[in-house]
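**Q** My questions all concern the structure below.
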Amino acid sequence: MAEKETIIKNRSDKPDNILVKEYEIKTNCEKLERQMPNFLRGFFSYLKLNVLPLSRYAYLQDIRFFLNYLVNHTDLTQADNMKDIKLDDFRIIEAVDINIFIDYCRQYEIETESSVIVQSNSNTTLSRKKTSLSVMFKQLYRDGLLEKNITDGFDPIRVKKAGEREIKALEDDEVHAMLDAVTTGEGLTKKEHDFWKKTKYRDKAILVFFVTYGLRLSELQQLNISSFNFSRGEFKIYRKRDKEAVMPLNMTTDKALHDYLEYERASYDVIEEGHQDALFLSVQGKRLTDRQIRTIVKKYTSIAMKVSRDGGYSPHKLRATAATSLIGRGNSIYDVAALLDHEQVTTTQLYAQHRKNVKKELVKGFEWEESKEKETE
């Protein structure tokens with residue numbers, strides 16, 4: 001039986017592509033829910049009403065992984081698949097069982113037909129899995145399906161606080177080096193250079209928008225031609241929690257955008273159906289995917305930092321670059337917080353405290369070899 005075409009009738013102010021993205025996430029969540037036991041329906045409703053769509057999807061993926069673990073690696077259930085797990089099976093689960101599961105998640109094997117993949121997870125990932133389980137068990141307790149709340153017995157997981165982490169961002173000279181690389185093609189391999197000839201204006205516009213506005217990957221990926229009001233010199237983006245924001249174009253972004261539109265972007269008639277309004281297109285005439293944009297960013301940031309392609313930065317690091325550069329130029333952290341859509345200004349303060357050169361300044365002139373030479377003069 002052929003799969004039916006999904007048609008979205010848009011009567012909202014949002015562009016079609018935003019609604020399609022939201023619908024895809026919703027559909028993926030529902031697919032996961034149908035694979036799981038029916039007694040979790042109250043938990044599913046809680047997530048739908050209280051958690052952002054992408055977070056909801058991540059929680060459900062964690063729960064699916066846990067349910068499969070119960071079936072394949074424990075004797076806590078006699079079910080052959082996770083759909084058949086009983087509520088009575090959950091009633092015998094103790095905090096120690098969750099702690100053993102989290103420890104299992106630190107490193108486990110995934111066997112394929114041709115290889116065995118060893119999956120290792122950081123404490124940040126483990127903490128998220130623990131949170132997903134905590135939310136589920138608490139909700140089952142609140143709904144009266146479990147007699148006790150076992151979450152108090154979950155082992156703590158040490159995750160570095162934001163202030164303890166080294167903030168990764170490009171310095172201003174590295175931003176210039178990155179933009180020089182995408183402008184001239186220097187530092188690219190022969191294969192990359194051949195591809196660069198077709199995409200240099202697009203890639204430069206992408207990088208400029210990231211480092212100017214600190215956009216999230218999803219915000220940039222979903223940009224449309226219709227997002228821009230050129231007579232007013234502004235464009236609209238759609239943020240988390242159904243928020244909209246209007247951004248002003250400056251000379252740099254306006255030039256980068258018009259260069260791309262004039263010299264490189266495919267004409268309307270050769271663009272793939274359904275992608276005509278998408279701003280950033282692949283050479284095949286389709287909206288760039290998140291993965292394709294990440295690859296572009298890693299390539300040019302790696303050239304700027306003189307590291308391997310794998311050592312290049314993600315789009316989120318360019319968001320951090322925008323924050324640190326704006327604050328370094330004396331802008332108010334409150335204004336920067338508003339630009340980047342930080343819910344709490346404390347997040348922005350972390351970038352204000354970040355001074356990558358402070359260590360360099362501290363040890364400048366404190367060269368042991370040099371001091372030794374001076375002593376012997």
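Every chain in the structure tokens has a letter given in the order shown (A, B, ...), and although residue numbers restart at 1 in each chain, ligands are simply numbered from 1 in the order shown.
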Could you name the residues that touch Leu340 in chain A at 10 Å or less, counting only C-alpha atoms, but leaving out those on the same chain fewer than 4 positions away, as a PyMOL selection string?
**A** chain A and resi 213-216+319-320+322-323+334-336+348
**Q** Using N, CA and C atoms, can you write the selected residues to a file as a PDB file, in the first residue's frame?
**A**
ATOM      1  N   TYR A 213      24.698  37.214  14.438  1.00  0.00           N
ATOM      2  CA  TYR A 213      23.477  37.173  15.242  1.00  0.00           C
ATOM      3  C   TYR A 213      23.473  36.065  16.305  1.00  0.00           C
ATOM      4  N   GLY A 214      24.459  35.172  16.251  1.00  0.00           N
ATOM      5  CA  GLY A 214      24.466  34.067  17.210  1.00  0.00           C
ATOM      6  C   GLY A 214      23.243  33.189  17.057  1.00  0.00           C
ATOM      7  N   LEU A 215      22.822  32.964  15.812  1.00  0.00           N
ATOM      8  CA  LEU A 215      21.625  32.157  15.576  1.00  0.00           C
ATOM      9  C   LEU A 215      21.840  30.711  15.999  1.00  0.00           C
ATOM     10  N   ARG A 216      20.778  30.085  16.454  1.00  0.00           N
ATOM     11  CA  ARG A 216      20.797  28.645  16.658  1.00  0.00           C
ATOM     12  C   ARG A 216      20.760  27.974  15.285  1.00  0.00           C
ATOM     13  N   ARG A 319      27.769  30.580  17.864  1.00  0.00           N
ATOM     14  CA  ARG A 319      26.831  31.328  18.709  1.00  0.00           C
ATOM     15  C   ARG A 319      27.592  31.921  19.899  1.00  0.00           C
ATOM     16  N   ALA A 320      28.474  31.101  20.474  1.00  0.00           N
ATOM     17  CA  ALA A 320      29.315  31.584  21.574  1.00  0.00           C
ATOM     18  C   ALA A 320      30.274  32.666  21.085  1.00  0.00           C
ATOM     19  N   ALA A 322      29.712  34.850  18.685  1.00  0.00           N
ATOM     20  CA  ALA A 322      28.951  36.094  18.576  1.00  0.00           C
ATOM     21  C   ALA A 322      28.799  36.751  19.944  1.00  0.00           C
ATOM     22  N   ALA A 323      28.505  35.942  20.961  1.00  0.00           N
ATOM     23  CA  ALA A 323      28.302  36.479  22.314  1.00  0.00           C
ATOM     24  C   ALA A 323      29.577  37.108  22.860  1.00  0.00           C
ATOM     25  N   TYR A 334      22.785  42.632  28.812  1.00  0.00           N
ATOM     26  CA  TYR A 334      21.329  42.545  28.682  1.00  0.00           C
ATOM     27  C   TYR A 334      20.918  42.641  27.217  1.00  0.00           C
ATOM     28  N   ASP A 335      21.592  43.502  26.456  1.00  0.00           N
ATOM     29  CA  ASP A 335      21.310  43.620  25.029  1.00  0.00           C
ATOM     30  C   ASP A 335      21.733  42.351  24.295  1.00  0.00           C
ATOM     31  N   VAL A 336      22.883  41.808  24.679  1.00  0.00           N
ATOM     32  CA  VAL A 336      23.367  40.577  24.048  1.00  0.00           C
ATOM     33  C   VAL A 336      22.437  39.413  24.383  1.00  0.00           C
ATOM     34  N   THR A 348      24.363  34.714  29.765  1.00  0.00           N
ATOM     35  CA  THR A 348      25.171  35.688  29.029  1.00  0.00           C
ATOM     36  C   THR A 348      26.370  36.129  29.854  1.00  0.00           C
TER      37      THR A 348
END
**Q** When you look at Thr184 in chain A with a cut-off of 10 Å (counting only C-alpha atoms), what residues show up, excluding the ones that are within fewer than 5 positions of it in the same chain? I need them as a list in words.
**A** Leu179, His193, Trp196, Lys197 and Lys200 of chain A
**Q** May I ask which of the residues A:Glu244, A:Asp13, A:Asp203, A:Asp277 is the closest one to Thr301 in chain A, counting only C-alpha atoms?
**A**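 When distances to Thr301 in chain A are compared using only C-alpha atoms, the smallest one comes from A:Asp203.
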**Q** Would you please extract all strand (DSSP E) residues from range 46-110 of chain A, as assigned by DSSP on the backbone, and give them as a ChimeraX atom specification?
**A** /A:107-110
**Q** Choose the residue, out of A:Glu264, A:Glu272, A:Glu111, A:Asp62, that has the smallest atom-to-atom separation from Cys29 in chain A; count only C-alpha atoms.
**A**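 For Cys29 in chain A, the nearest of the given residues is A:Asp62.
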**Q** Which residues are near Asp173 in chain A? Cut-off 12 Å, only C-alpha atoms, ignore same chain within fewer than 3 positions. Put them as a VMD selection string.
**A** chain A and resid 169 to 170 176 to 180 301 304 to 305 321 325
**Q** Write out as number ranges by chain each polymer residue whose atoms come within 12 Å of range 15-21 of chain A, counting only C-alpha atoms; drop sequence neighbours fewer than 6 positions from it.
**A** A: 6-9, 27-28, 53-54, 218-227, 236-240, 242, 244, 274-279, 287, 289
**Q** For the selection you just gave me, I'd like the residues written to a file as a PDB file, in the first residue's frame, keeping C-alpha atoms.
**A**
ATOM      1  CA  THR A   6       0.761  14.555   4.025  1.00  0.00           C
ATOM      2  CA  ILE A   7      -0.803  17.908   3.172  1.00  0.00           C
ATOM      3  CA  ILE A   8      -0.560  20.730   5.702  1.00  0.00           C
ATOM      4  CA  LYS A   9      -3.126  23.503   5.376  1.00  0.00           C
ATOM      5  CA  THR A  27       4.895  12.522  14.356  1.00  0.00           C
ATOM      6  CA  ASN A  28       8.244  11.065  15.466  1.00  0.00           C
ATOM      7  CA  PRO A  53       9.013  19.325  21.266  1.00  0.00           C
ATOM      8  CA  LEU A  54      12.693  18.472  20.729  1.00  0.00           C
ATOM      9  CA  SER A 218      17.547  25.432  13.609  1.00  0.00           C
ATOM     10  CA  GLU A 219      16.905  29.176  13.298  1.00  0.00           C
ATOM     11  CA  LEU A 220      19.335  29.510  10.396  1.00  0.00           C
ATOM     12  CA  GLN A 221      18.349  26.255   8.706  1.00  0.00           C
ATOM     13  CA  GLN A 222      14.692  27.291   8.574  1.00  0.00           C
ATOM     14  CA  LEU A 223      15.300  30.755   7.064  1.00  0.00           C
ATOM     15  CA  ASN A 224      13.310  31.531   3.915  1.00  0.00           C
ATOM     16  CA  ILE A 225      13.496  34.154   1.195  1.00  0.00           C
ATOM     17  CA  SER A 226      10.153  35.368   2.533  1.00  0.00           C
ATOM     18  CA  SER A 227      11.727  35.807   5.988  1.00  0.00           C
ATOM     19  CA  LYS A 236      12.248  37.349  10.961  1.00  0.00           C
ATOM     20  CA  ILE A 237      13.294  34.178  12.776  1.00  0.00           C
ATOM     21  CA  TYR A 238      11.250  31.625  14.712  1.00  0.00           C
ATOM     22  CA  ARG A 239      12.639  30.649  18.084  1.00  0.00           C
ATOM     23  CA  LYS A 240      11.869  28.171  20.821  1.00  0.00           C
ATOM     24  CA  ASP A 242       6.779  29.769  19.513  1.00  0.00           C
ATOM     25  CA  GLU A 244       9.313  35.287  16.887  1.00  0.00           C
ATOM     26  CA  GLY A 274       8.626  22.474  -1.989  1.00  0.00           C
ATOM     27  CA  HIS A 275      12.035  24.117  -1.506  1.00  0.00           C
ATOM     28  CA  GLN A 276      11.569  27.269  -3.587  1.00  0.00           C
ATOM     29  CA  ASP A 277      11.300  29.554  -0.562  1.00  0.00           C
ATOM     30  CA  ALA A 278      14.226  28.007   1.342  1.00  0.00           C
ATOM     31  CA  LEU A 279      17.095  30.476   1.697  1.00  0.00           C
ATOM     32  CA  ARG A 287      16.967  23.140   1.694  1.00  0.00           C
ATOM     33  CA  THR A 289      19.975  19.954   6.297  1.00  0.00           C
TER      34      THR A 289
END
**Q** Which residue, A:Arg91, A:Met36, A:Tyr300, A:Pro156, has the smallest gap to Gly185 in chain A when you use only C-alpha atoms?
**A**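 Of A:Arg91, A:Met36, A:Tyr300, A:Pro156, the one nearest Gly185 in chain A, counting only C-alpha atoms, is A:Tyr300.
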**Q** Measuring atom to atom with only C-alpha atoms, identify which of A:Leu67, A:Phe195, A:Gln107, A:Asp269 is nearest to Lys86 in chain A.
**A**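 Among the listed residues, the smallest separation from Lys86 in chain A belongs to A:Leu67.
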**Q** Would you mind telling me which residue in A:Leu188, A:Ile293, A:Ala337, A:Leu281 lies nearest to Lys306 in chain A when using only C-alpha atoms?
**A**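 Once distances to Lys306 in chain A are computed over only C-alpha atoms, the minimum belongs to A:Leu188.
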